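Worksheet: one structure, shown below.
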Number of protein chains: 2
Amino acid sequence: MKKERYLRSIRLLAECFHAFQHISDTHVRTLGLTSPQFDILATLGNTEGMSFKELGQKTLITKGTLTGIVDRLEEKGLVIRTCCLEDRRSMIVRLTEQGQAEFERLFGPHIQFCKQAFLGYSDEDFAALDRELAKLKSHLDATMPKPG
Amino acid sequence: MKKERYLRSIRLLAECFHAFQHISDTHVRTLGLTSPQFDILATLGNTEGMSFKELGQKTLITKGTLTGIVDRLEEKGLVIRTCCLEDRRSMIVRLTEQGQAEFERLFGPHIQFCKQAFLGYSDEDFAALDRELAKLKSHLDATMPKPG
DNA sequence: TATTGTTATACTCTATAACTATA
DNA sequence: TATAGTTATAGAGTATAACAATA
């Protein structure tokens, strides 16, 4: 069985992502949210809200699942559904005042917490990393079918 | 709120990983396995088997969860638990003959399928990507607490 | 007809913690 | 006392497909 060249890269990519995700998720959990819930909160933060469709596209969560996650966030009083006047099939999800307050209370500290993972990373390190990841991303976007 | 430098890198990392994971998971599903199940199968492939502890460390799955996933793979007849003679607290998980056959039947095609994501990526592209990811990984390993 | 979001179902994964049997 | 794995519980995410309302 021939060893494909990309496997090494994907393994590295997965290891990096998992390592970071582990510390991030563990911290999010201590804040009382699940990872997808925090993802939604972070996506809605500093916006006027957006439709389920747009929210699903940004977070890669399918519509059926998204309904449940938004339900739980609505039960916590963090988001609210409003009708979209232009297209009455569509629902707009946005942060409530409490949700906005939670976003501000949690997001900054979370960013600070996760920052420790990159302690000592130089501007040049970041620039080189971003260059390769951006190259990969545009390649993947061009090569792979879009979800949704 | 100051914009932390690492956020852009992490966003790129997550986007790349999610994009790849989406195509990989979707394909794995069509093979009749969940993503964690395939992960276990791939980890056990071409080994003599390993303990729950080692399997958990390699896949980042905690012991309670691992018991359930291995249960389901055992029900499918793909893996088997055997006792460890040296330490009788420990259980060794290894592929059954059928599991080995499934591994060989699924793994190669899956690797080929996912390869399409990197179609046209050059040796230089891979080398540059690997260099930055390996740098990041060793940095994360040094900076972040290990799970387990 | 196609699209947006909901509902229903059934399953898988997950965190957590108490438990057992060994060491 | 500590470790390896299991069990129990409850909740959360997921895929899938059928559905209602609207476009």
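Following the order of the structure tokens, first chain is A, next is B, and so on, with residues numbered from 1 inside each chain and ligands from 1 in the order they appear.
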* **Neighbours of chain D in chain A at 8 Å, counting only C-alpha atoms (C1' of nucleotides), as an MDAnalysis selection string** => chainID A and resid 65 87:89
I need the chosen residues saved as a JSON list (two decimals), in the first residue's frame, with C-alpha atoms.
```json
[["chain", "number", "residue", "atom", "x", "y", "z"],
["A", 65, "THR", "CA", -29.03, 20.01, 14.77],
["A", 87, "ASP", "CA", -38.73, 36.13, 3.74],
["A", 88, "ARG", "CA", -41.29, 34.71, 6.08],
["A", 89, "ARG", "CA", -39.86, 31.21, 5.81]]
```
* **Polymer residues at most 7 Å from stretch 50-52 of chain A, only C-alpha atoms (C1' of nucleotides), same-chain spacing of 3 or more positions, as a VMD selection string** => chain A and resid 55 to 56 90 to 94
Could the residues in this selection be written to a file with all heavy atoms, as a CSV table (one decimal), in the first residue's frame?
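Output file selection21.csv follows:
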```
chain,number,residue,atom,x,y,z
A,55,LEU,N,-26.2,31.0,9.8
A,55,LEU,CA,-25.6,30.5,11.0
A,55,LEU,C,-25.1,29.0,10.8
A,55,LEU,O,-24.0,28.7,11.2
A,55,LEU,CB,-26.6,30.5,12.1
A,55,LEU,CG,-26.1,30.4,13.6
A,55,LEU,CD1,-25.0,31.3,13.9
A,55,LEU,CD2,-27.2,30.6,14.6
A,56,GLY,N,-25.9,28.2,10.1
A,56,GLY,CA,-25.5,26.9,9.8
A,56,GLY,C,-24.2,26.8,8.9
A,56,GLY,O,-23.3,26.0,9.1
A,90,SER,N,-38.0,32.4,6.8
A,90,SER,CA,-36.7,32.5,7.5
A,90,SER,C,-36.9,33.0,8.9
A,90,SER,O,-37.8,33.8,9.2
A,90,SER,CB,-35.8,33.4,6.7
A,90,SER,OG,-34.5,33.3,7.1
A,91,MET,N,-36.0,32.5,9.8
A,91,MET,CA,-36.0,33.0,11.2
A,91,MET,C,-34.6,33.6,11.4
A,91,MET,O,-33.6,33.1,11.0
A,91,MET,CB,-36.1,31.8,12.2
A,91,MET,CG,-37.4,31.1,12.1
A,91,MET,SD,-38.8,32.1,12.6
A,91,MET,CE,-38.5,32.1,14.4
A,92,ILE,N,-34.6,34.8,12.1
A,92,ILE,CA,-33.4,35.4,12.5
A,92,ILE,C,-33.1,35.1,13.9
A,92,ILE,O,-33.9,35.2,14.8
A,92,ILE,CB,-33.5,37.0,12.4
A,92,ILE,CG1,-33.9,37.4,11.0
A,92,ILE,CG2,-32.2,37.6,12.7
A,92,ILE,CD1,-32.9,37.0,9.9
A,93,VAL,N,-31.8,34.6,14.2
A,93,VAL,CA,-31.4,34.4,15.6
A,93,VAL,C,-30.4,35.5,15.9
A,93,VAL,O,-29.5,35.8,15.2
A,93,VAL,CB,-30.6,33.1,15.6
A,93,VAL,CG1,-30.4,32.7,17.1
A,93,VAL,CG2,-31.3,32.0,14.9
A,94,ARG,N,-30.7,36.1,17.1
A,94,ARG,CA,-29.7,37.1,17.6
A,94,ARG,C,-29.5,37.0,19.1
A,94,ARG,O,-30.4,36.4,19.8
A,94,ARG,CB,-30.1,38.5,17.2
A,94,ARG,CG,-31.5,39.0,17.7
A,94,ARG,CD,-31.8,40.4,17.4
A,94,ARG,NE,-33.0,40.8,17.9
A,94,ARG,CZ,-33.3,41.1,19.2
A,94,ARG,NH1,-32.3,41.0,20.1
A,94,ARG,NH2,-34.5,41.5,19.6
```
* **Contacts of B:Thr96 within 8 Å, only C-alpha atoms (C1' of nucleotides), excl. fewer than 5 positions in-chain, as a ChimeraX atom specification** => /B:77-80
If you keep all heavy atoms, can you produce a file of those selected residues as a PDB file, in the first residue's frame?
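Output file selection_2.pdb is given in full below:
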```pdb
ATOM      1  N   GLY B  77     -18.304  -7.205  15.416  1.00  0.00           N
ATOM      2  CA  GLY B  77     -17.342  -8.275  15.156  1.00  0.00           C
ATOM      3  C   GLY B  77     -16.008  -7.791  14.616  1.00  0.00           C
ATOM      4  O   GLY B  77     -15.226  -8.571  14.088  1.00  0.00           O
ATOM      5  N   LEU B  78     -15.731  -6.503  14.781  1.00  0.00           N
ATOM      6  CA  LEU B  78     -14.515  -5.948  14.171  1.00  0.00           C
ATOM      7  C   LEU B  78     -13.319  -5.951  15.112  1.00  0.00           C
ATOM      8  O   LEU B  78     -12.174  -5.970  14.666  1.00  0.00           O
ATOM      9  CB  LEU B  78     -14.783  -4.516  13.672  1.00  0.00           C
ATOM     10  CG  LEU B  78     -15.897  -4.383  12.634  1.00  0.00           C
ATOM     11  CD1 LEU B  78     -16.074  -2.938  12.203  1.00  0.00           C
ATOM     12  CD2 LEU B  78     -15.592  -5.256  11.417  1.00  0.00           C
ATOM     13  N   VAL B  79     -13.573  -5.894  16.422  1.00  0.00           N
ATOM     14  CA  VAL B  79     -12.474  -5.925  17.394  1.00  0.00           C
ATOM     15  C   VAL B  79     -12.790  -6.954  18.474  1.00  0.00           C
ATOM     16  O   VAL B  79     -13.926  -7.426  18.596  1.00  0.00           O
ATOM     17  CB  VAL B  79     -12.236  -4.550  18.073  1.00  0.00           C
ATOM     18  CG1 VAL B  79     -12.020  -3.458  17.039  1.00  0.00           C
ATOM     19  CG2 VAL B  79     -13.377  -4.196  19.009  1.00  0.00           C
ATOM     20  N   ILE B  80     -11.772  -7.298  19.231  1.00  0.00           N
ATOM     21  CA  ILE B  80     -11.969  -8.233  20.336  1.00  0.00           C
ATOM     22  C   ILE B  80     -11.131  -7.776  21.522  1.00  0.00           C
ATOM     23  O   ILE B  80     -10.053  -7.212  21.364  1.00  0.00           O
ATOM     24  CB  ILE B  80     -11.599  -9.676  19.916  1.00  0.00           C
ATOM     25  CG1 ILE B  80     -12.039 -10.680  20.992  1.00  0.00           C
ATOM     26  CG2 ILE B  80     -10.108  -9.796  19.606  1.00  0.00           C
ATOM     27  CD1 ILE B  80     -11.917 -12.107  20.539  1.00  0.00           C
TER      28      ILE B  80
END
```
Near chain C, 12 Å: chain B residue rows, closest pairs, only C-alpha atoms (C1' of nucleotides), as a Markdown table:
```
| residue | atom | partner | partner_atom | distance |
| --- | --- | --- | --- | --- |
| B:Leu33 | CA | C:DT12 | C1' | 10.7 |
| B:Thr34 | CA | C:DT12 | C1' | 8.1 |
| B:Ser35 | CA | C:DT12 | C1' | 10.1 |
| B:Pro36 | CA | C:DC13 | C1' | 8.7 |
| B:Gln37 | CA | C:DT12 | C1' | 10.1 |
| B:Ile61 | CA | C:DT14 | C1' | 9.6 |
| B:Thr62 | CA | C:DT14 | C1' | 9.0 |
| B:Lys63 | CA | C:DT14 | C1' | 11.0 |
| B:Gly64 | CA | C:DT14 | C1' | 9.0 |
| B:Thr65 | CA | C:DT14 | C1' | 6.9 |
| B:Leu66 | CA | C:DC13 | C1' | 9.6 |
| B:Thr67 | CA | C:DC13 | C1' | 11.3 |
| B:Gly68 | CA | C:DC13 | C1' | 8.8 |
| B:Ile69 | CA | C:DC13 | C1' | 8.5 |
| B:Asp71 | CA | C:DT12 | C1' | 11.9 |
| B:Arg72 | CA | C:DT12 | C1' | 9.8 |
| B:Cys84 | CA | C:DT22 | C1' | 11.7 |
| B:Leu85 | CA | C:DT22 | C1' | 11.9 |
| B:Glu86 | CA | C:DA23 | C1' | 10.8 |
| B:Asp87 | CA | C:DA23 | C1' | 7.9 |
| B:Arg88 | CA | C:DT22 | C1' | 6.3 |
| B:Arg89 | CA | C:DT22 | C1' | 5.1 |
| B:Ser90 | CA | C:DT22 | C1' | 8.8 |
| B:Met91 | CA | C:DT22 | C1' | 11.9 |
```
* To do: Extract, using only C-alpha atoms (C1' of nucleotides), all DNA, RNA and protein residues at most 8 Å from A:Cys16, discarding same-chain residues fewer than 6 positions from it, and format them as number ranges by chain.
  => B: 133, 136-137, 140
Enumerate as a tab-separated table (two decimals) with all heavy atoms, in the first residue's frame the residues belonging to chain B that approach chain A to within 8 Å, with only C-alpha atoms taken into account.
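Final output, result-v6.tsv:
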```tsv
chain	number	residue	atom	x	y	z
B	1	MET	N	-11.53	46.17	22.73
B	1	MET	CA	-10.98	44.80	22.89
B	1	MET	C	-9.88	44.57	21.88
B	1	MET	O	-10.11	44.56	20.68
B	1	MET	CB	-12.11	43.78	22.70
B	1	MET	CG	-11.70	42.36	23.03
B	1	MET	SD	-13.13	41.30	23.27
B	1	MET	CE	-13.79	41.17	21.60
B	4	GLU	N	-6.35	39.61	19.36
B	4	GLU	CA	-5.16	38.80	19.58
B	4	GLU	C	-4.65	38.22	18.26
B	4	GLU	O	-5.43	37.76	17.43
B	4	GLU	CB	-5.47	37.66	20.56
B	4	GLU	CG	-5.83	38.13	21.96
B	4	GLU	CD	-4.66	38.81	22.67
B	4	GLU	OE1	-3.51	38.66	22.21
B	4	GLU	OE2	-4.90	39.49	23.69
B	5	ARG	N	-3.35	38.21	18.15
B	5	ARG	CA	-2.74	37.80	16.89
B	5	ARG	C	-3.06	36.35	16.51
B	5	ARG	O	-3.20	36.02	15.33
B	5	ARG	CB	-1.21	37.99	16.98
B	5	ARG	CG	-0.44	37.52	15.75
B	5	ARG	CD	-0.85	38.28	14.51
B	5	ARG	NE	-0.16	37.83	13.31
B	5	ARG	CZ	-0.59	36.86	12.53
B	5	ARG	NH1	-1.69	36.20	12.84
B	5	ARG	NH2	0.08	36.53	11.44
B	6	TYR	N	-3.18	35.51	17.52
B	6	TYR	CA	-3.32	34.09	17.22
B	6	TYR	C	-4.69	33.73	16.65
B	6	TYR	O	-4.85	32.66	16.05
B	6	TYR	CB	-3.05	33.25	18.48
B	6	TYR	CG	-4.19	33.16	19.47
B	6	TYR	CD1	-5.09	32.10	19.37
B	6	TYR	CD2	-4.36	34.09	20.48
B	6	TYR	CE1	-6.14	31.98	20.28
B	6	TYR	CE2	-5.40	33.98	21.38
B	6	TYR	CZ	-6.29	32.94	21.29
B	6	TYR	OH	-7.32	32.83	22.18
B	8	ARG	N	-6.43	34.77	14.16
B	8	ARG	CA	-6.47	34.57	12.71
B	8	ARG	C	-5.90	33.20	12.35
B	8	ARG	O	-6.45	32.49	11.51
B	8	ARG	CB	-5.67	35.68	12.02
B	8	ARG	CG	-5.61	35.55	10.53
B	8	ARG	CD	-4.94	36.77	9.88
B	8	ARG	NE	-4.47	36.44	8.55
B	8	ARG	CZ	-5.29	36.26	7.50
B	8	ARG	NH1	-6.58	36.40	7.67
B	8	ARG	NH2	-4.80	35.95	6.32
B	9	SER	N	-4.81	32.83	13.00
B	9	SER	CA	-4.19	31.54	12.72
B	9	SER	C	-5.11	30.38	13.11
B	9	SER	O	-5.25	29.41	12.37
B	9	SER	CB	-2.86	31.42	13.48
B	9	SER	OG	-2.03	32.52	13.18
B	12	LEU	N	-7.96	30.00	10.69
B	12	LEU	CA	-7.49	29.32	9.48
B	12	LEU	C	-7.31	27.83	9.74
B	12	LEU	O	-7.71	26.99	8.93
B	12	LEU	CB	-6.17	29.93	9.00
B	12	LEU	CG	-6.28	31.28	8.27
B	12	LEU	CD1	-4.91	31.93	8.12
B	12	LEU	CD2	-6.94	31.10	6.91
B	13	LEU	N	-6.70	27.53	10.88
B	13	LEU	CA	-6.47	26.12	11.22
B	13	LEU	C	-7.80	25.37	11.32
B	13	LEU	O	-7.96	24.28	10.75
B	13	LEU	CB	-5.72	26.03	12.56
B	13	LEU	CG	-5.31	24.64	13.03
B	13	LEU	CD1	-4.16	24.11	12.20
B	13	LEU	CD2	-4.91	24.67	14.51
B	14	ALA	N	-8.76	25.98	12.00
B	14	ALA	CA	-10.06	25.35	12.16
B	14	ALA	C	-10.77	25.21	10.83
B	14	ALA	O	-11.38	24.17	10.55
B	14	ALA	CB	-10.92	26.16	13.14
B	15	GLU	N	-10.69	26.22	10.01
B	15	GLU	CA	-11.36	26.15	8.71
B	15	GLU	C	-10.77	25.05	7.85
B	15	GLU	O	-11.50	24.30	7.19
B	15	GLU	CB	-11.26	27.51	7.99
B	15	GLU	CG	-12.21	28.55	8.57
B	15	GLU	CD	-11.97	29.95	8.01
B	15	GLU	OE1	-10.90	30.19	7.40
B	15	GLU	OE2	-12.83	30.81	8.20
B	16	CYS	N	-9.46	24.94	7.85
B	16	CYS	CA	-8.81	23.88	7.07
B	16	CYS	C	-9.21	22.51	7.60
B	16	CYS	O	-9.58	21.61	6.84
B	16	CYS	CB	-7.29	24.03	7.13
B	16	CYS	SG	-6.65	25.40	6.16
B	17	PHE	N	-9.14	22.39	8.91
B	17	PHE	CA	-9.45	21.09	9.49
B	17	PHE	C	-10.91	20.71	9.28
B	17	PHE	O	-11.22	19.59	8.89
B	17	PHE	CB	-9.12	21.08	10.99
B	17	PHE	CG	-9.34	19.75	11.62
B	17	PHE	CD1	-8.46	18.71	11.39
B	17	PHE	CD2	-10.44	19.53	12.43
B	17	PHE	CE1	-8.68	17.46	11.95
B	17	PHE	CE2	-10.65	18.28	13.01
B	17	PHE	CZ	-9.77	17.25	12.76
B	19	ALA	N	-12.95	21.74	6.98
B	19	ALA	CA	-13.20	21.47	5.57
B	19	ALA	C	-12.80	20.05	5.22
B	19	ALA	O	-13.53	19.31	4.57
B	19	ALA	CB	-12.46	22.47	4.69
B	20	PHE	N	-11.62	19.66	5.69
B	20	PHE	CA	-11.16	18.31	5.40
B	20	PHE	C	-11.99	17.27	6.14
B	20	PHE	O	-12.40	16.25	5.58
B	20	PHE	CB	-9.69	18.15	5.78
B	20	PHE	CG	-9.18	16.78	5.44
B	20	PHE	CD1	-8.76	16.48	4.16
B	20	PHE	CD2	-9.13	15.78	6.41
B	20	PHE	CE1	-8.33	15.20	3.83
B	20	PHE	CE2	-8.70	14.51	6.09
B	20	PHE	CZ	-8.29	14.22	4.80
B	22	HIS	N	-14.96	17.39	7.10
B	22	HIS	CA	-16.30	17.24	6.56
B	22	HIS	C	-16.33	16.21	5.44
B	22	HIS	O	-17.18	15.32	5.40
B	22	HIS	CB	-16.83	18.58	6.06
B	22	HIS	CG	-18.22	18.51	5.52
B	22	HIS	ND1	-18.49	18.38	4.19
B	22	HIS	CD2	-19.42	18.50	6.14
B	22	HIS	CE1	-19.81	18.30	4.01
B	22	HIS	NE2	-20.39	18.38	5.18
B	23	ILE	N	-15.39	16.31	4.53
B	23	ILE	CA	-15.38	15.37	3.42
B	23	ILE	C	-15.00	13.98	3.90
B	23	ILE	O	-15.56	12.97	3.47
B	23	ILE	CB	-14.44	15.86	2.29
B	23	ILE	CG1	-14.74	15.08	1.00
B	23	ILE	CG2	-13.00	15.71	2.66
B	23	ILE	CD1	-13.99	15.61	-0.20
B	108	GLY	N	-7.77	1.90	2.62
B	108	GLY	CA	-7.16	2.30	1.36
B	108	GLY	C	-8.07	3.20	0.53
B	108	GLY	O	-7.69	4.33	0.18
B	111	ILE	N	-8.49	6.61	2.08
B	111	ILE	CA	-7.31	7.44	1.84
B	111	ILE	C	-7.32	7.98	0.42
B	111	ILE	O	-7.01	9.15	0.19
B	111	ILE	CB	-6.02	6.59	2.07
B	111	ILE	CG1	-5.93	6.12	3.51
B	111	ILE	CG2	-4.78	7.39	1.68
B	111	ILE	CD1	-6.03	7.20	4.52
B	115	LYS	N	-7.81	11.93	-0.75
B	115	LYS	CA	-6.67	12.46	-1.50
B	115	LYS	C	-7.09	13.59	-2.45
B	115	LYS	O	-6.32	14.50	-2.73
B	115	LYS	CB	-6.07	11.31	-2.31
B	115	LYS	CG	-4.78	11.60	-3.03
B	115	LYS	CD	-4.36	10.34	-3.80
B	115	LYS	CE	-3.15	10.60	-4.67
B	115	LYS	NZ	-2.80	9.35	-5.41
B	116	GLN	N	-8.32	13.49	-2.95
B	116	GLN	CA	-8.81	14.48	-3.91
B	116	GLN	C	-8.72	15.91	-3.37
B	116	GLN	O	-8.59	16.87	-4.14
B	116	GLN	CB	-10.25	14.18	-4.30
B	116	GLN	CG	-11.23	14.30	-3.14
B	116	GLN	CD	-12.68	14.09	-3.53
B	116	GLN	OE1	-13.28	14.86	-4.27
B	116	GLN	NE2	-13.24	13.00	-3.03
B	117	ALA	N	-8.78	16.00	-2.03
B	117	ALA	CA	-8.73	17.34	-1.43
B	117	ALA	C	-7.40	18.02	-1.71
B	117	ALA	O	-7.31	19.25	-1.72
B	117	ALA	CB	-8.97	17.24	0.08
B	118	PHE	N	-6.38	17.24	-1.95
B	118	PHE	CA	-5.03	17.79	-2.14
B	118	PHE	C	-4.56	17.69	-3.59
B	118	PHE	O	-3.38	17.84	-3.88
B	118	PHE	CB	-4.04	17.08	-1.23
B	118	PHE	CG	-4.18	17.46	0.21
B	118	PHE	CD1	-5.02	16.76	1.06
B	118	PHE	CD2	-3.51	18.56	0.72
B	118	PHE	CE1	-5.17	17.12	2.38
B	118	PHE	CE2	-3.64	18.93	2.04
B	118	PHE	CZ	-4.48	18.21	2.87
B	119	LEU	N	-5.50	17.44	-4.47
B	119	LEU	CA	-5.16	17.31	-5.89
B	119	LEU	C	-4.42	18.55	-6.38
B	119	LEU	O	-4.91	19.66	-6.24
B	119	LEU	CB	-6.46	17.13	-6.69
B	119	LEU	CG	-6.34	16.37	-8.01
B	119	LEU	CD1	-6.09	14.89	-7.71
B	119	LEU	CD2	-7.61	16.53	-8.82
B	126	PHE	N	3.55	20.84	0.13
B	126	PHE	CA	3.47	19.93	1.28
B	126	PHE	C	4.60	20.19	2.27
B	126	PHE	O	4.40	20.24	3.48
B	126	PHE	CB	3.55	18.47	0.81
B	126	PHE	CG	2.24	17.91	0.35
B	126	PHE	CD1	2.11	17.38	-0.94
B	126	PHE	CD2	1.13	17.90	1.19
B	126	PHE	CE1	0.89	16.86	-1.37
B	126	PHE	CE2	-0.09	17.37	0.75
B	126	PHE	CZ	-0.20	16.85	-0.53
B	128	ALA	N	6.37	22.88	2.80
B	128	ALA	CA	6.23	24.15	3.50
B	128	ALA	C	5.12	24.04	4.56
B	128	ALA	O	5.28	24.53	5.69
B	128	ALA	CB	5.91	25.27	2.51
B	129	LEU	N	4.03	23.40	4.19
B	129	LEU	CA	2.92	23.21	5.12
B	129	LEU	C	3.36	22.38	6.33
B	129	LEU	O	3.15	22.76	7.48
B	129	LEU	CB	1.75	22.52	4.41
B	129	LEU	CG	0.53	22.17	5.25
B	129	LEU	CD1	-0.11	23.42	5.83
B	129	LEU	CD2	-0.50	21.38	4.42
B	130	ASP	N	4.01	21.26	6.05
B	130	ASP	CA	4.48	20.38	7.13
B	130	ASP	C	5.43	21.10	8.06
B	130	ASP	O	5.39	20.91	9.27
B	130	ASP	CB	5.19	19.15	6.54
B	130	ASP	CG	4.21	18.14	5.97
B	130	ASP	OD1	3.01	18.46	5.95
B	130	ASP	OD2	4.65	17.06	5.55
B	132	GLU	N	5.57	24.25	8.87
B	132	GLU	CA	4.88	25.17	9.79
B	132	GLU	C	4.01	24.42	10.80
B	132	GLU	O	3.92	24.81	11.95
B	132	GLU	CB	4.03	26.17	9.00
B	132	GLU	CG	4.86	27.14	8.16
B	132	GLU	CD	5.98	27.79	8.96
B	132	GLU	OE1	5.76	28.17	10.13
B	132	GLU	OE2	7.10	27.90	8.40
B	133	LEU	N	3.39	23.35	10.33
B	133	LEU	CA	2.53	22.59	11.25
B	133	LEU	C	3.36	21.85	12.30
B	133	LEU	O	2.99	21.78	13.46
B	133	LEU	CB	1.66	21.59	10.47
B	133	LEU	CG	0.54	22.21	9.64
B	133	LEU	CD1	-0.19	21.13	8.84
B	133	LEU	CD2	-0.44	22.97	10.52
B	134	ALA	N	4.49	21.32	11.87
B	134	ALA	CA	5.37	20.62	12.82
B	134	ALA	C	5.90	21.61	13.86
B	134	ALA	O	6.02	21.28	15.04
B	134	ALA	CB	6.51	19.94	12.08
B	136	LEU	N	4.38	24.33	14.82
B	136	LEU	CA	3.26	24.64	15.70
B	136	LEU	C	3.02	23.49	16.69
B	136	LEU	O	2.82	23.72	17.88
B	136	LEU	CB	1.99	24.89	14.88
B	136	LEU	CG	0.71	25.13	15.67
B	136	LEU	CD1	0.85	26.34	16.60
B	136	LEU	CD2	-0.49	25.30	14.74
B	137	LYS	N	3.06	22.29	16.17
B	137	LYS	CA	2.80	21.14	17.03
B	137	LYS	C	3.81	21.03	18.18
B	137	LYS	O	3.44	20.83	19.33
B	137	LYS	CB	2.81	19.85	16.21
B	137	LYS	CG	2.67	18.60	17.06
B	137	LYS	CD	2.42	17.36	16.21
B	137	LYS	CE	2.90	16.10	16.90
B	137	LYS	NZ	2.42	15.96	18.29
B	139	HIS	N	5.46	23.38	19.37
B	139	HIS	CA	5.21	24.50	20.27
B	139	HIS	C	4.04	24.20	21.21
B	139	HIS	O	4.13	24.43	22.41
B	139	HIS	CB	4.92	25.77	19.46
B	139	HIS	CG	4.73	26.99	20.32
B	139	HIS	ND1	5.79	27.72	20.80
B	139	HIS	CD2	3.62	27.57	20.80
B	139	HIS	CE1	5.32	28.71	21.54
B	139	HIS	NE2	4.01	28.65	21.55
B	140	LEU	N	2.96	23.68	20.63
B	140	LEU	CA	1.79	23.35	21.44
B	140	LEU	C	2.11	22.26	22.46
B	140	LEU	O	1.70	22.33	23.62
B	140	LEU	CB	0.63	22.89	20.54
B	140	LEU	CG	0.02	23.95	19.62
B	140	LEU	CD1	-1.07	23.35	18.76
B	140	LEU	CD2	-0.51	25.14	20.40
B	141	ASP	N	2.86	21.25	22.02
B	141	ASP	CA	3.24	20.17	22.94
B	141	ASP	C	4.03	20.72	24.12
B	141	ASP	O	3.88	20.27	25.25
B	141	ASP	CB	4.09	19.12	22.21
B	141	ASP	CG	3.23	18.24	21.31
B	141	ASP	OD1	2.00	18.29	21.44
B	141	ASP	OD2	3.80	17.52	20.47
B	143	THR	N	3.93	23.87	25.24
B	143	THR	CA	3.20	24.89	25.99
B	143	THR	C	1.99	24.36	26.74
B	143	THR	O	1.68	24.82	27.83
B	143	THR	CB	2.68	25.98	25.02
B	143	THR	OG1	3.74	26.36	24.15
B	143	THR	CG2	2.19	27.19	25.77
B	144	MET	N	1.32	23.39	26.12
B	144	MET	CA	0.03	23.00	26.64
B	144	MET	C	0.07	21.72	27.45
B	144	MET	O	0.84	20.83	27.16
B	144	MET	CB	-0.96	22.88	25.49
B	144	MET	CG	-1.19	24.24	24.87
B	144	MET	SD	-2.18	24.22	23.39
B	144	MET	CE	-3.31	22.94	23.72
B	147	PRO	N	-3.42	15.91	27.73
B	147	PRO	CA	-4.61	15.25	28.25
B	147	PRO	C	-4.26	13.86	28.78
B	147	PRO	O	-3.25	13.29	28.40
B	147	PRO	CB	-5.52	15.14	27.03
B	147	PRO	CG	-4.60	15.17	25.85
B	147	PRO	CD	-3.41	15.97	26.28
```
